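A.B. asks: Below is entry06.csv; it holds CSV, C-alpha atoms.
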```csv
chain,number,residue,atom,x,y,z
A,3,MET,CA,-114.7,-38.6,91.3
A,4,VAL,CA,-115.0,-37.8,95.0
A,5,GLN,CA,-118.0,-39.5,96.6
A,6,LYS,CA,-120.2,-37.6,99.1
A,7,TYR,CA,-122.8,-39.2,101.4
A,8,THR,CA,-125.1,-37.6,103.9
A,9,PHE,CA,-126.4,-39.4,107.0
A,10,THR,CA,-128.2,-38.7,110.2
A,11,TYR,CA,-125.9,-39.7,113.1
A,12,TYR,CA,-128.1,-38.6,116.0
A,13,ARG,CA,-131.8,-37.9,116.5
A,14,VAL,CA,-132.6,-35.8,119.6
A,15,CYS,CA,-135.1,-33.1,120.6
A,16,GLY,CA,-136.9,-33.6,117.4
A,17,ILE,CA,-133.7,-32.8,115.4
A,18,ASP,CA,-131.9,-35.0,112.8
A,19,ILE,CA,-128.3,-34.1,113.3
A,20,GLU,CA,-126.4,-34.9,110.1
A,21,LEU,CA,-122.9,-35.4,108.7
A,22,ASP,CA,-121.3,-35.4,105.3
A,23,ILE,CA,-118.8,-38.1,104.4
A,24,TYR,CA,-116.4,-37.4,101.6
A,25,LEU,CA,-114.6,-40.5,100.2
A,26,PRO,CA,-111.5,-40.4,97.9
A,27,ASP,CA,-111.8,-41.0,94.2
A,28,PRO,CA,-112.2,-44.8,93.9
A,29,GLN,CA,-110.4,-45.0,90.5
A,30,SER,CA,-107.6,-46.9,92.2
A,31,VAL,CA,-109.9,-49.9,92.5
A,32,SER,CA,-109.4,-52.1,89.4
A,33,THR,CA,-112.7,-52.6,87.7
A,34,VAL,CA,-110.9,-54.6,85.0
A,35,GLU,CA,-109.8,-57.2,87.5
A,36,ILE,CA,-113.3,-57.5,88.9
A,37,ALA,CA,-114.7,-58.1,85.4
A,38,ILE,CA,-112.2,-60.8,84.6
A,39,THR,CA,-112.2,-62.7,87.9
A,40,GLU,CA,-115.9,-62.2,88.6
A,41,ARG,CA,-115.1,-61.7,92.3
A,42,PRO,CA,-116.9,-59.2,94.4
A,43,ARG,CA,-114.9,-56.1,95.1
A,44,VAL,CA,-113.6,-55.9,98.7
A,45,PRO,CA,-113.9,-52.4,100.1
A,46,THR,CA,-110.7,-50.7,101.4
A,47,VAL,CA,-111.0,-49.6,105.0
A,48,ILE,CA,-109.6,-46.1,105.4
A,49,ALA,CA,-108.8,-43.7,108.2
A,50,SER,CA,-110.8,-40.5,108.6
A,51,VAL,CA,-110.5,-36.8,109.6
A,52,VAL,CA,-113.6,-35.6,111.5
A,53,PHE,CA,-114.1,-31.8,111.1
A,54,PHE,CA,-116.3,-29.4,113.1
A,55,HIS,CA,-117.3,-26.1,111.6
A,56,GLY,CA,-116.9,-22.6,113.2
A,57,GLY,CA,-119.5,-19.9,113.7
A,58,GLY,CA,-119.2,-18.9,117.3
A,59,LEU,CA,-121.3,-22.0,118.3
A,60,THR,CA,-124.3,-19.9,117.4
A,61,VAL,CA,-124.4,-20.3,113.6
A,62,GLY,CA,-123.0,-22.5,110.8
A,63,ASN,CA,-123.3,-25.9,109.4
A,64,ARG,CA,-121.2,-28.8,108.0
A,65,GLU,CA,-120.8,-27.1,104.6
A,66,MET,CA,-118.4,-24.6,106.2
A,67,LEU,CA,-115.5,-26.8,105.3
A,68,PRO,CA,-112.1,-25.5,104.2
A,69,GLU,CA,-111.7,-26.6,100.6
A,70,GLN,CA,-107.9,-26.8,101.0
A,71,LEU,CA,-108.3,-29.2,103.9
A,72,LYS,CA,-110.8,-31.4,102.0
A,73,ASP,CA,-108.5,-31.6,99.0
A,74,ALA,CA,-105.4,-32.4,101.0
A,75,VAL,CA,-107.2,-35.1,103.1
A,76,LEU,CA,-108.9,-36.8,100.1
A,77,GLY,CA,-105.7,-36.6,98.2
A,78,SER,CA,-104.0,-38.6,100.9
A,79,SER,CA,-106.6,-41.4,100.4
A,80,ILE,CA,-108.4,-40.9,103.7
A,81,ALA,CA,-112.0,-39.9,104.3
A,82,LEU,CA,-113.2,-36.5,105.5
A,83,ILE,CA,-116.3,-36.3,107.7
A,84,SER,CA,-117.9,-32.9,108.4
A,85,ALA,CA,-120.6,-32.9,111.1
A,86,ASP,CA,-123.4,-30.6,112.3
A,87,TYR,CA,-124.0,-30.2,116.0
A,88,ARG,CA,-126.6,-28.4,118.1
A,89,LEU,CA,-126.0,-24.7,118.4
A,90,LEU,CA,-126.3,-22.3,121.3
A,91,PHE,CA,-129.7,-21.0,122.1
A,92,PRO,CA,-131.5,-22.9,123.4
A,93,PHE,CA,-128.7,-25.5,123.6
A,94,SER,CA,-125.5,-25.4,125.6
A,95,ALA,CA,-122.0,-27.0,125.8
A,96,ARG,CA,-123.5,-30.0,127.6
A,97,HIS,CA,-125.7,-30.8,124.5
A,98,ILE,CA,-122.8,-30.1,122.2
A,99,CYS,CA,-120.6,-32.5,124.1
A,100,GLU,CA,-123.4,-35.1,123.9
A,101,ASP,CA,-123.4,-34.7,120.1
A,102,VAL,CA,-119.7,-35.2,119.9
A,103,LEU,CA,-119.9,-38.5,121.8
A,104,ALA,CA,-122.9,-39.6,119.7
A,105,LEU,CA,-121.0,-38.9,116.5
A,106,PHE,CA,-118.1,-41.0,117.4
A,107,SER,CA,-120.3,-43.8,118.7
A,108,TYR,CA,-122.1,-43.7,115.3
A,109,LEU,CA,-118.8,-43.7,113.4
A,110,SER,CA,-117.4,-46.7,115.3
A,111,THR,CA,-120.6,-48.8,115.1
A,112,SER,CA,-123.1,-47.9,112.4
A,113,VAL,CA,-121.6,-45.7,109.6
A,114,ASN,CA,-120.4,-48.6,107.5
A,115,GLN,CA,-123.9,-50.2,107.5
A,116,ASP,CA,-125.3,-47.0,106.1
A,117,LEU,CA,-122.6,-46.8,103.4
A,118,ILE,CA,-123.3,-50.3,102.3
A,119,ALA,CA,-127.0,-49.7,102.3
A,120,GLN,CA,-126.5,-46.9,99.8
A,121,ARG,CA,-125.2,-49.4,97.2
A,122,PRO,CA,-126.8,-52.8,98.0
A,123,THR,CA,-125.9,-54.3,94.6
A,124,MET,CA,-122.2,-53.2,94.6
A,125,PRO,CA,-120.0,-52.9,97.7
A,126,PRO,CA,-118.6,-49.4,98.2
A,127,ALA,CA,-115.0,-48.8,97.3
A,128,TYR,CA,-114.2,-47.6,100.8
A,129,LEU,CA,-115.4,-48.2,104.4
A,130,ILE,CA,-114.6,-46.2,107.4
A,131,SER,CA,-112.1,-47.6,109.9
A,132,GLU,CA,-113.8,-48.0,113.3
A,133,ARG,CA,-110.7,-46.9,115.2
A,134,LEU,CA,-108.5,-44.6,113.0
A,135,PHE,CA,-109.7,-41.0,113.5
A,136,ALA,CA,-108.1,-37.6,113.6
A,137,VAL,CA,-110.2,-34.7,114.7
A,138,ALA,CA,-110.1,-31.1,113.4
A,139,GLY,CA,-112.0,-27.8,114.0
A,140,ALA,CA,-111.9,-24.3,112.8
A,141,SER,CA,-112.7,-21.4,115.1
A,142,ALA,CA,-115.5,-22.5,117.5
A,143,GLY,CA,-115.3,-26.0,116.0
A,144,ALA,CA,-111.9,-26.5,117.7
A,145,TYR,CA,-113.8,-26.5,121.0
A,146,LEU,CA,-115.7,-29.6,119.8
A,147,ALA,CA,-112.4,-31.2,118.6
A,148,MET,CA,-110.9,-30.8,122.0
A,149,LEU,CA,-114.0,-32.3,123.7
A,150,ALA,CA,-113.6,-35.3,121.3
A,151,ALA,CA,-110.0,-35.6,122.1
A,152,LEU,CA,-110.9,-35.8,125.8
A,153,TYR,CA,-114.0,-37.9,125.9
A,154,ALA,CA,-114.8,-39.6,122.5
A,155,THR,CA,-114.5,-43.4,122.0
A,156,PRO,CA,-112.5,-44.3,120.2
A,157,ARG,CA,-110.0,-41.6,121.1
A,158,PRO,CA,-108.8,-39.5,118.2
A,159,ARG,CA,-105.2,-40.2,117.2
A,160,ALA,CA,-104.4,-36.5,116.4
A,161,LEU,CA,-106.0,-33.0,116.6
A,162,PHE,CA,-105.8,-30.0,114.4
A,163,SER,CA,-107.1,-26.6,115.6
A,164,LEU,CA,-107.4,-23.7,113.1
A,165,TYR,CA,-107.7,-20.3,114.9
A,166,GLY,CA,-109.6,-22.2,117.5
A,167,ASN,CA,-111.6,-21.6,120.6
A,168,GLY,CA,-111.3,-23.8,123.7
A,169,GLY,CA,-107.6,-23.5,124.6
A,170,ASP,CA,-108.2,-21.0,127.3
A,171,LEU,CA,-111.8,-20.3,128.3
A,172,LEU,CA,-110.7,-18.3,131.3
A,173,SER,CA,-108.7,-15.6,129.4
A,174,PRO,CA,-109.7,-12.0,129.7
A,175,PHE,CA,-111.2,-12.4,126.2
A,176,TYR,CA,-114.1,-14.1,127.9
A,177,VAL,CA,-113.9,-13.1,131.6
A,178,HIS,CA,-114.0,-9.3,131.8
A,179,GLN,CA,-116.2,-6.5,132.8
A,180,ALA,CA,-115.5,-3.6,130.4
A,181,PRO,CA,-116.9,-3.9,126.9
A,182,LEU,CA,-114.4,-5.0,124.3
A,183,SER,CA,-112.6,-2.1,122.8
A,184,GLY,CA,-113.5,-1.2,119.2
A,185,TRP,CA,-116.5,-3.4,118.9
A,186,GLU,CA,-119.9,-1.9,118.1
A,187,SER,CA,-122.7,-4.4,117.7
A,188,ASN,CA,-126.4,-3.4,117.6
A,189,LEU,CA,-128.5,-5.3,120.0
A,190,GLY,CA,-131.2,-5.7,117.3
A,191,ASP,CA,-132.9,-9.0,117.7
A,192,THR,CA,-130.2,-10.4,120.0
A,193,LYS,CA,-132.6,-9.5,122.8
A,194,MET,CA,-134.5,-12.7,122.2
A,195,PHE,CA,-131.3,-14.7,122.9
A,196,LEU,CA,-130.6,-12.9,126.1
A,197,ALA,CA,-133.8,-13.8,127.9
A,198,PRO,CA,-133.3,-14.3,131.6
A,199,THR,CA,-134.3,-17.9,131.8
A,200,ALA,CA,-133.8,-21.1,129.9
A,201,GLN,CA,-137.6,-21.5,129.6
A,202,ASP,CA,-137.8,-18.1,127.9
A,203,LYS,CA,-135.2,-19.2,125.4
A,204,LEU,CA,-137.0,-22.5,124.7
A,205,SER,CA,-140.3,-20.6,124.0
A,206,LEU,CA,-138.6,-18.1,121.7
A,207,LEU,CA,-136.1,-20.0,119.8
A,208,PRO,CA,-136.1,-23.2,117.7
A,209,GLY,CA,-133.5,-25.8,118.4
A,210,LEU,CA,-131.0,-25.9,115.5
A,211,SER,CA,-128.1,-28.0,114.3
A,212,ASN,CA,-127.9,-26.4,110.9
A,213,CYS,CA,-128.0,-22.7,110.4
A,214,PRO,CA,-126.2,-21.8,107.1
A,215,ILE,CA,-124.4,-18.5,106.7
A,216,ASN,CA,-126.3,-17.9,103.4
A,217,LEU,CA,-129.9,-18.8,104.2
A,218,PRO,CA,-132.2,-19.7,101.3
A,219,SER,CA,-134.9,-17.1,100.9
A,220,ASN,CA,-137.6,-19.7,101.4
A,221,ILE,CA,-136.4,-20.6,104.9
A,222,ILE,CA,-137.2,-18.5,107.9
A,223,ILE,CA,-135.2,-18.9,111.2
A,224,PRO,CA,-136.2,-16.6,114.1
A,225,GLY,CA,-133.3,-14.5,115.1
A,226,TYR,CA,-131.3,-15.4,112.0
A,227,GLU,CA,-129.8,-12.0,111.4
A,228,ALA,CA,-128.5,-11.8,115.0
A,229,ARG,CA,-127.0,-15.3,114.8
A,230,VAL,CA,-125.1,-14.4,111.7
A,231,ASN,CA,-124.1,-10.8,112.3
A,232,SER,CA,-123.9,-9.9,116.0
A,233,LEU,CA,-124.7,-12.6,118.6
A,234,TYR,CA,-121.3,-14.0,119.2
A,235,ARG,CA,-119.8,-10.5,119.4
A,236,LYS,CA,-122.5,-9.3,121.7
A,237,LEU,CA,-121.9,-12.2,124.1
A,238,LEU,CA,-118.2,-11.5,124.2
A,239,GLU,CA,-118.7,-7.8,124.5
A,240,ASN,CA,-120.9,-8.0,127.6
A,241,GLY,CA,-118.9,-10.8,129.2
A,242,THR,CA,-121.7,-13.4,129.2
A,243,PHE,CA,-120.4,-15.9,126.6
A,244,LEU,CA,-119.5,-18.4,129.3
A,245,ASP,CA,-122.9,-17.9,131.0
A,246,HIS,CA,-124.7,-19.1,127.9
A,247,LEU,CA,-122.2,-21.6,126.7
A,248,MET,CA,-122.3,-23.4,130.1
A,249,ALA,CA,-126.0,-22.6,130.8
A,250,PHE,CA,-124.9,-21.2,134.1
A,251,PRO,CA,-126.2,-17.6,134.6
A,252,GLY,CA,-123.7,-15.4,136.4
A,253,LEU,CA,-120.7,-17.6,135.6
A,254,GLY,CA,-118.7,-14.8,134.0
A,255,GLU,CA,-119.2,-12.6,137.0
A,256,LEU,CA,-118.4,-15.4,139.4
A,257,LEU,CA,-115.1,-16.1,137.7
A,258,LEU,CA,-114.3,-12.4,137.4
A,259,GLN,CA,-114.8,-12.0,141.2
A,260,ALA,CA,-112.7,-15.1,141.9
A,261,GLY,CA,-109.9,-13.7,139.8
A,262,ARG,CA,-110.1,-10.4,141.7
A,263,LYS,CA,-110.1,-11.9,145.1
A,264,ASP,CA,-107.2,-10.6,147.3
A,265,ASN,CA,-105.8,-8.8,144.3
A,266,THR,CA,-105.4,-5.0,143.9
A,267,SER,CA,-106.2,-4.9,140.2
A,268,ASP,CA,-108.7,-6.4,137.8
A,269,PRO,CA,-107.8,-9.0,135.2
A,270,THR,CA,-106.2,-7.6,132.1
A,271,SER,CA,-108.6,-5.9,129.7
A,272,PRO,CA,-108.9,-7.8,126.4
A,273,SER,CA,-108.3,-4.5,124.6
A,274,THR,CA,-104.8,-4.3,126.1
A,275,VAL,CA,-103.7,-7.8,125.2
A,276,ASN,CA,-100.8,-8.0,122.8
A,277,CYS,CA,-101.1,-11.1,120.7
A,278,SER,CA,-98.5,-10.2,118.1
A,279,SER,CA,-95.4,-11.9,119.6
A,280,ALA,CA,-94.1,-14.8,117.6
A,281,SER,CA,-92.5,-16.4,120.6
A,282,MET,CA,-94.4,-19.0,122.6
A,283,GLY,CA,-95.9,-17.6,125.7
A,284,SER,CA,-94.5,-14.1,125.4
A,285,SER,CA,-97.0,-11.5,126.6
A,286,GLY,CA,-94.8,-8.5,127.2
A,287,THR,CA,-95.4,-8.6,131.0
A,288,SER,CA,-92.9,-8.6,133.8
A,289,PRO,CA,-92.3,-11.7,135.8
A,290,SER,CA,-94.2,-10.3,138.8
A,291,SER,CA,-97.2,-9.5,136.5
A,292,SER,CA,-97.0,-13.0,135.0
A,293,ASP,CA,-97.1,-14.6,138.5
A,294,THR,CA,-100.1,-12.4,139.3
A,295,GLN,CA,-102.0,-13.5,136.2
A,296,ARG,CA,-101.1,-17.2,136.9
A,297,LEU,CA,-102.5,-16.8,140.4
A,298,LYS,CA,-105.7,-15.2,139.1
A,299,LYS,CA,-106.1,-18.1,136.6
A,300,GLN,CA,-105.7,-20.7,139.4
A,301,LYS,CA,-108.4,-18.9,141.5
A,302,MET,CA,-110.8,-18.9,138.6
A,303,GLU,CA,-110.2,-22.5,137.9
A,304,ALA,CA,-110.9,-23.4,141.5
A,305,ALA,CA,-114.2,-21.4,141.3
A,306,ILE,CA,-115.6,-23.3,138.4
A,307,PRO,CA,-118.6,-25.4,139.6
A,308,GLU,CA,-118.0,-29.1,139.6
A,309,SER,CA,-121.0,-29.8,137.4
A,310,ILE,CA,-119.5,-28.0,134.4
A,311,ARG,CA,-115.8,-28.5,135.0
A,312,TYR,CA,-115.7,-31.3,132.3
A,313,LEU,CA,-116.7,-28.7,129.7
A,314,PHE,CA,-113.4,-26.7,130.2
A,315,PRO,CA,-110.9,-28.6,128.1
A,316,GLN,CA,-107.9,-26.8,129.6
A,317,LEU,CA,-108.6,-28.4,133.0
A,318,HIS,CA,-108.2,-31.9,131.7
A,319,ILE,CA,-105.0,-31.9,129.6
A,320,THR,CA,-102.8,-34.9,130.4
A,321,SER,CA,-100.2,-37.0,128.7
A,322,LYS,CA,-103.0,-39.0,127.1
A,323,PHE,CA,-104.2,-36.0,125.0
A,324,PRO,CA,-103.5,-36.7,121.3
A,325,PRO,CA,-100.7,-35.0,119.3
A,326,THR,CA,-101.9,-31.6,118.3
A,327,TYR,CA,-101.3,-29.1,115.5
A,328,LEU,CA,-102.3,-25.5,116.2
A,329,VAL,CA,-102.5,-22.6,113.7
A,330,HIS,CA,-103.5,-19.1,114.7
A,331,GLY,CA,-103.2,-15.6,113.2
A,332,THR,CA,-101.5,-13.1,115.6
A,333,ASN,CA,-104.0,-10.4,114.7
A,334,ASP,CA,-107.1,-12.4,115.3
A,335,LYS,CA,-109.9,-10.2,116.7
A,336,LEU,CA,-112.6,-12.9,117.0
A,337,VAL,CA,-110.6,-15.7,118.8
A,338,ASP,CA,-107.7,-14.5,120.8
A,339,CYS,CA,-104.5,-16.2,119.6
A,340,ARG,CA,-103.5,-16.6,123.3
A,341,GLU,CA,-106.0,-19.5,123.3
A,342,SER,CA,-103.6,-21.5,121.0
A,343,LYS,CA,-100.6,-20.3,122.9
A,344,GLU,CA,-102.1,-21.4,126.2
A,345,MET,CA,-103.1,-24.8,124.8
A,346,ALA,CA,-99.6,-25.4,123.4
A,347,LYS,CA,-98.1,-24.4,126.8
A,348,ARG,CA,-100.3,-26.9,128.6
A,349,LEU,CA,-99.5,-29.7,126.1
A,350,TYR,CA,-95.8,-29.0,126.3
A,351,GLU,CA,-95.9,-29.3,130.1
A,352,VAL,CA,-97.4,-32.8,130.0
A,353,GLY,CA,-95.2,-34.0,127.2
A,354,VAL,CA,-97.7,-34.2,124.4
A,355,LYS,CA,-96.4,-33.6,120.9
A,356,CYS,CA,-97.6,-30.2,119.7
A,357,ASP,CA,-96.8,-27.9,116.8
A,358,LEU,CA,-97.8,-24.3,117.1
A,359,VAL,CA,-97.8,-22.1,114.0
A,360,LEU,CA,-98.4,-18.4,114.5
A,361,ALA,CA,-99.4,-16.6,111.3
A,362,GLY,CA,-97.8,-13.2,111.8
A,363,GLY,CA,-100.1,-10.2,111.3
A,364,LEU,CA,-103.0,-12.2,110.0
A,365,GLY,CA,-106.6,-12.2,111.3
A,366,HIS,CA,-109.4,-14.6,111.7
A,367,ALA,CA,-110.2,-17.0,108.8
A,368,PHE,CA,-107.2,-15.8,106.9
A,369,ASP,CA,-107.2,-18.9,104.7
A,370,MET,CA,-110.7,-18.3,103.4
A,371,ALA,CA,-111.3,-16.8,100.0
A,372,GLN,CA,-114.0,-14.5,101.4
A,373,VAL,CA,-111.3,-12.9,103.6
A,374,SER,CA,-108.1,-13.2,101.6
A,375,GLY,CA,-109.3,-13.8,98.0
A,376,ALA,CA,-106.8,-15.6,95.8
A,377,MET,CA,-104.2,-15.3,98.6
A,378,GLY,CA,-106.2,-17.8,100.6
A,379,ARG,CA,-104.6,-20.8,99.1
A,380,VAL,CA,-101.2,-19.2,99.2
A,381,LEU,CA,-101.6,-18.6,102.9
A,382,TRP,CA,-102.9,-22.1,103.4
A,383,ASP,CA,-99.8,-23.5,101.7
A,384,ARG,CA,-97.5,-21.3,103.8
A,385,PHE,CA,-99.0,-21.8,107.2
A,386,LEU,CA,-101.0,-25.0,106.9
A,387,GLY,CA,-99.1,-27.1,104.4
A,388,GLU,CA,-97.8,-29.5,107.1
A,389,VAL,CA,-101.2,-30.1,108.8
A,390,VAL,CA,-102.3,-33.2,106.8
A,391,PRO,CA,-98.9,-34.8,106.9
A,392,PHE,CA,-98.9,-34.3,110.6
A,393,LEU,CA,-102.3,-36.0,110.9
A,394,LEU,CA,-101.3,-38.8,108.6
A,395,LYS,CA,-98.2,-39.6,110.6
A,396,HIS,CA,-100.1,-40.1,113.8
A,397,LEU,CA,-103.0,-42.0,112.1
A,398,LYS,CA,-100.4,-44.5,111.0
A,399,GLU,CA,-98.8,-44.9,114.4
```
I need this file expressed as structure tokens, please.

C.D. replies:
Amino acid sequence: MVQKYTFTYYRVCGIDIELDIYLPDPQSVSTVEIAITERPRVPTVIASVVFFHGGGLTVGNREMLPEQLKDAVLGSSIALISADYRLLFPFSARHICEDVLALFSYLSTSVNQDLIAQRPTMPPAYLISERLFAVAGASAGAYLAMLAALYATPRPRALFSLYGNGGDLLSPFYVHQAPLSGWESNLGDTKMFLAPTAQDKLSLLPGLSNCPINLPSNIIIPGYEARVNSLYRKLLENGTFLDHLMAFPGLGELLLQAGRKDNTSDPTSPSTVNCSSASMGSSGTSPSSSDTQRLKKQKMEAAIPESIRYLFPQLHITSKFPPTYLVHGTNDKLVDCRESKEMAKRLYEVGVKCDLVLAGGLGHAFDMAQVSGAMGRVLWDRFLGEVVPFLLKHLKE
């Protein structure tokens, strides 16, 4: 039977931030041999995949874990670790990055002590290797996976991004002026999240690291309906997602103006972006248009304030970045698939091993039963069947 343990890996701002550890079925350990020889069982040290959940960085918790990924990882005799992290409002990317670093510090120094303490009279079947980690994230969780790949100690050996944010935070999906085409989100109680100052947010909103999609009826979270139903969309729609992510009011407008400078046209509207091409880097634009977009991107990169540059993963991709496996639906309306294309392009340019799988015609969360029903597992096998073998290969190197 799979073993599950829950531990607090970081205490901050009055919040216990927790993780779940799933360990493989220990049946492979010979209890007969232990009984005969009367020797204490020696735990097997195993590698781990660390997973970060999605939810637009505004909602979600560690239970939002792809079952197919969990089954495949545990079936390969490695551990799966799913972690909570602080959510936007009142927190920001700086706090999220801090949580990522705290998580890996805990995993490399303290987690085995907690595992042993759970069973003081009998050593656990498995302990966590202090150096063999891969990192994975779905949707917004991929942003944390990328931060881990850049800054965590020990450095992850491989990365998996599933329809993930973070590959291009300067795309027109985030930096734009016109409302996103075809989206209608009622402000509702999102107003409390869009208060003008950080102090207002702190007075209105509780700090959260765990905000389940299906909230028990006996728990009340201020602004819960907005977090679940409209907040992420509203921030994207009005072009302020980066302002709140980076806790830098006016950042979106600053970047928009930097991209416009000395150009005759605005950055491409997200509603006109074609993300259906199966070929890497194909956008349907002419070479001159492509050069113009590249220049705009360079100007926006140069305009990012120094204090928050470290929170833009795309600015720090080098040959030291771990081998990466990217999967994205070409009809994704919640996370533009160009994020994965752009990340793959940058990794190719610096010589990092990268596999990019584009799921033609599929949208966001295409592997989930809530979205695709019984087809979820079929689609997982078709588009994600090689993910865990990829991670295993690089964990063994």

A.B. asks: Find the distance between CA of Tyr7 (chain A) and CA of Ile23 (chain A) and write it in Å to one decimal.

C.D. replies: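 Going from CA of Tyr7 (chain A) over to CA of Ile23 (chain A), I get 5.1 Å.
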
A.B. asks: Quick one: residues within 7 Å of region 314-330 of chain A, all atoms listed in the file counted, chain neighbours fewer than 6 positions away excluded, as a PyMOL selection string?

C.D. replies: chain A and resi 148-149+151-152+158-165+168-171+339+342+348-349+352-361+389

A.B. asks: With a distance cut-off of 12 Å and all atoms listed in the file, select the neighbouring residues of Asp116 (chain A), excluding the residue or stretch itself and same-chain residues fewer than 5 positions from it, and output the selection as a list in words.

C.D. replies: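 In the requested format, the answer is Tyr7, Thr8, Phe9, Thr10, Tyr11, Ile23, Tyr108, Leu109, Thr111, Arg121, Pro122, Pro125, Pro126, Leu129 and Ile130 of chain A.
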
A.B. asks: Residues within 8 Å of Asp334 (chain A), please, as a list of chain:residue names. Count only C-alpha atoms; anything in the same chain fewer than 2 positions from it doesn't count.

C.D. replies: A:Tyr165, A:His330, A:Gly331, A:Thr332, A:Leu336, A:Val337, A:Asp338, A:Cys339, A:Leu364, A:Gly365, A:His366

A.B. asks: Could you save the residues just selected, with C-alpha atoms, as a compact mmCIF listing (two decimals), in the coordinates of the input?

C.D. replies:
```
# COMPACT_ATOMS: atom_id res chain seq x y z
CA TYR A 165 -107.70 -20.30 114.90
CA HIS A 330 -103.50 -19.10 114.70
CA GLY A 331 -103.20 -15.60 113.20
CA THR A 332 -101.50 -13.10 115.60
CA LEU A 336 -112.60 -12.90 117.00
CA VAL A 337 -110.60 -15.70 118.80
CA ASP A 338 -107.70 -14.50 120.80
CA CYS A 339 -104.50 -16.20 119.60
CA LEU A 364 -103.00 -12.20 110.00
CA GLY A 365 -106.60 -12.20 111.30
CA HIS A 366 -109.40 -14.60 111.70
```

A.B. asks: Would you work out the distance separating CA of His97 (chain A) from CA of Glu132 (chain A), expressed in Å to one decimal?

C.D. replies: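 The value is 23.7 Å.
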
A.B. asks: Name the closest residue to Asn231 (chain A) among the candidates A:Val47, A:Leu21, A:Val61, A:Leu247; distances are taken between atoms, counting all atoms listed in the file.

C.D. replies: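 Counting all atoms listed in the file, the residue closest to Asn231 (chain A) is A:Val61.
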
A.B. asks: Report, in Å with one decimal, the straight-line distance from CA of Met302 (chain A) to CA of Glu100 (chain A).

C.D. replies: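 Going from CA of Met302 (chain A) over to CA of Glu100 (chain A), I get 25.2 Å.
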
A.B. asks: Contacts of Val102 (chain A) at 10 Å or less, counting only C-alpha atoms, minus same-chain residues fewer than 5 places along, as a PDB file with C-alpha atoms, in the coordinates of the input?

C.D. replies:
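Result file is part_7.pdb:
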```
ATOM      1  CA  TYR A  12    -128.100 -38.600 116.000  1.00  0.00           C
ATOM      2  CA  PHE A  54    -116.300 -29.400 113.100  1.00  0.00           C
ATOM      3  CA  ALA A  85    -120.600 -32.900 111.100  1.00  0.00           C
ATOM      4  CA  ASP A  86    -123.400 -30.600 112.300  1.00  0.00           C
ATOM      5  CA  TYR A  87    -124.000 -30.200 116.000  1.00  0.00           C
ATOM      6  CA  ARG A  88    -126.600 -28.400 118.100  1.00  0.00           C
ATOM      7  CA  HIS A  97    -125.700 -30.800 124.500  1.00  0.00           C
ATOM      8  CA  SER A 107    -120.300 -43.800 118.700  1.00  0.00           C
ATOM      9  CA  TYR A 108    -122.100 -43.700 115.300  1.00  0.00           C
ATOM     10  CA  LEU A 146    -115.700 -29.600 119.800  1.00  0.00           C
ATOM     11  CA  ALA A 147    -112.400 -31.200 118.600  1.00  0.00           C
ATOM     12  CA  LEU A 149    -114.000 -32.300 123.700  1.00  0.00           C
ATOM     13  CA  ALA A 150    -113.600 -35.300 121.300  1.00  0.00           C
ATOM     14  CA  ALA A 151    -110.000 -35.600 122.100  1.00  0.00           C
ATOM     15  CA  TYR A 153    -114.000 -37.900 125.900  1.00  0.00           C
ATOM     16  CA  ALA A 154    -114.800 -39.600 122.500  1.00  0.00           C
ATOM     17  CA  THR A 155    -114.500 -43.400 122.000  1.00  0.00           C
TER      18      THR A 155
END
```

A.B. asks: Within 10 Å of (-102.1, -44.6, 113.2), in the coordinates the file gives, what residues turn up when you count all atoms listed in the file, written out as a list in words?

C.D. replies: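 With a cut-off of 10 Å, the residues come to Ala49, Arg133, Leu134, Phe135, Ala136, Pro158, Arg159, Ala160, Leu393, Leu394, Lys395, His396, Leu397, Lys398 and Glu399 of chain A.
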
A.B. asks: Using all atoms listed in the file - which residues lie no farther than 9 Å from the point (-122.3, -20.6, 102.6) in the file's frame? Write them as a ChimeraX atom specification.

C.D. replies: /A:62-63,65-66,214-217

A.B. asks: So which one's closest to Ala81 (chain A), A:Leu105, A:Cys99, A:Val137, A:Val51? Using only C-alpha atoms, please.

C.D. replies: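 Looking at the shortest contact to Ala81 (chain A), the residue is A:Val51.
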
A.B. asks: Using all atoms listed in the file, which residue out of A:Thr192, A:Gly57, A:Leu210, A:Glu341 lies closest to Asp18 (chain A)?

C.D. replies: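 Residue with the minimum atom-to-atom distance to Asp18 (chain A): A:Leu210.
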
A.B. asks: Can you work out which one of A:Ile83, A:Val177, A:Met345, A:Ala127 has the shortest atom-to-atom distance to Leu237 (chain A), counting all atoms listed in the file?

C.D. replies: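 Residue with the minimum atom-to-atom distance to Leu237 (chain A): A:Val177.
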